[in-house]
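**Student:** Below you will find the structure I want to go over with you.
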Amino acid sequence: MSLLTESKKEMDPRLISLLERFEYETELYDRIASYALLVIPVGAVLVALMLMLSGPIVTGLKLYSAIASIMSLPFITYAISIYAERKKHEVSEKRYKPVTGICMCDLSQLRYHMIRFKKSDNYTEKARHARMIEYYERKIGLNI
């Protein structure tokens with residue numbers, strides 16, 4: 001089964017339907033990862049409000065806890081994003097890789113860059129997406 005037709009460089013319709021079903025199943029994890037980006041600004045505002053409501057800032061435990069809280073926000077965001085990606089890979093490995101033989105996450109990225117390549121209007125954008133298409137084709141093992 002060829003994943004892409006040679007003449008059009010487009011995906012097989014059966015593979016597209018599997019990919020759409022995979023993206024529908026993992027939509028929750030994409031939403032979790034996108035909401036994780038709100039952790040940093042919301043957390044920083046909450047720490048600032050907590051500091052303002054609790055009285056004057058003096059050196060000591062209050063100052064150190066505020067600094068530690070603000071500095072931990074990017075790590076919390078990163079951990080949530082890693083969790084969401086890991087769960088998407090689990091779904092791909094358990095349900096779709098035995099059927100297709102490839103990771104659906106990589107196939108999803110390949111389709112994204114193919115669509116963006118067709119929509120791009122300047123040369124540099126086309127070149128960037130073409131490089132990414134080649135990368136994912138090699139990673140998947142298409143050898144086109």
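Ligands are numbered from 1 in the order shown, residues from 1 within each chain, and chains are lettered A, B, ... in the order they appear in the structure tokens.
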Need to verify the contact set: A:Glu27, 10 Å, only C-alpha atoms, exclusion of same-chain residues closer than 6 positions in sequence. Can you return it as a ChimeraX atom specification?

**Tutor:** /A:21,33,88

**Student:** Identify, on the basis of only C-alpha atoms, every residue whose closest approach to A:Cys105 does not exceed 9 Å; exclude the query and any residue fewer than 2 positions from it along the same chain; express the result as an MDAnalysis selection string.

**Tutor:** chainID A and resid 19 22:23 88:89 92 102:103 107:110

**Student:** Name the residues in contact with A:Thr77 at a cut-off of 8 Å, using only C-alpha atoms, excluding same-chain residues fewer than 5 positions from it; report them as a ChimeraX atom specification.

**Tutor:** /A:36-37,39-40

**Student:** Could I get the residues of stretch 41-118 of chain A with an atom no further than 10 Å from an atom of stretch 130-135 of chain A, each paired with its nearest atom pair and that distance in Å to one decimal, using only C-alpha atoms, sorted by chain and residue number, as JSON lines?

**Tutor:**
{"residue": "A:Asp106", "atom": "CA", "partner": "A:Tyr135", "partner_atom": "CA", "distance": 9.9}
{"residue": "A:Gln109", "atom": "CA", "partner": "A:Ile133", "partner_atom": "CA", "distance": 8.5}
{"residue": "A:Leu110", "atom": "CA", "partner": "A:Ile133", "partner_atom": "CA", "distance": 5.8}
{"residue": "A:Arg111", "atom": "CA", "partner": "A:Ile133", "partner_atom": "CA", "distance": 8.4}
{"residue": "A:Tyr112", "atom": "CA", "partner": "A:Ile133", "partner_atom": "CA", "distance": 9.1}
{"residue": "A:His113", "atom": "CA", "partner": "A:Ile133", "partner_atom": "CA", "distance": 6.1}
{"residue": "A:Met114", "atom": "CA", "partner": "A:Ile133", "partner_atom": "CA", "distance": 6.6}
{"residue": "A:Arg116", "atom": "CA", "partner": "A:Ala130", "partner_atom": "CA", "distance": 9.5}
{"residue": "A:Phe117", "atom": "CA", "partner": "A:Ala130", "partner_atom": "CA", "distance": 6.8}
{"residue": "A:Lys118", "atom": "CA", "partner": "A:Ala130", "partner_atom": "CA", "distance": 10.0}

**Student:** Could you name the residues that touch stretch 44-60 of chain A at 12 Å or less, counting only C-alpha atoms, but leaving out those on the same chain fewer than 2 positions away, as a list in words?

**Tutor:**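 Contacts, with the query itself left out: Leu38, Val39, Ile40, Pro41, Val42, Lys62, Leu63, Tyr64, Ser65, Ala66, Ile67, Ala68, Ser69, Ile70, Met71, Ser72, Leu73 and Pro74 of chain A.
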
**Student:** Grab the atom CA of A:Thr26 to atom CA of A:Val91 distance for me, in Å with one decimal place.

**Tutor:**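 Separating atom CA of A:Thr26 from atom CA of A:Val91 is a distance of 7.7 Å.
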
**Student:** Report, in Å to a single decimal, how far apart atom CA of A:Met104 and atom CA of A:Ile16 are.

**Tutor:** 10.4 Å

**Student:** Please measure the separation of atom CA of A:Glu125 and atom CA of A:Pro13, giving the value in Å to one decimal.

**Tutor:**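 According to the coordinates, atom CA of A:Glu125 and atom CA of A:Pro13 are separated by 26.5 Å.
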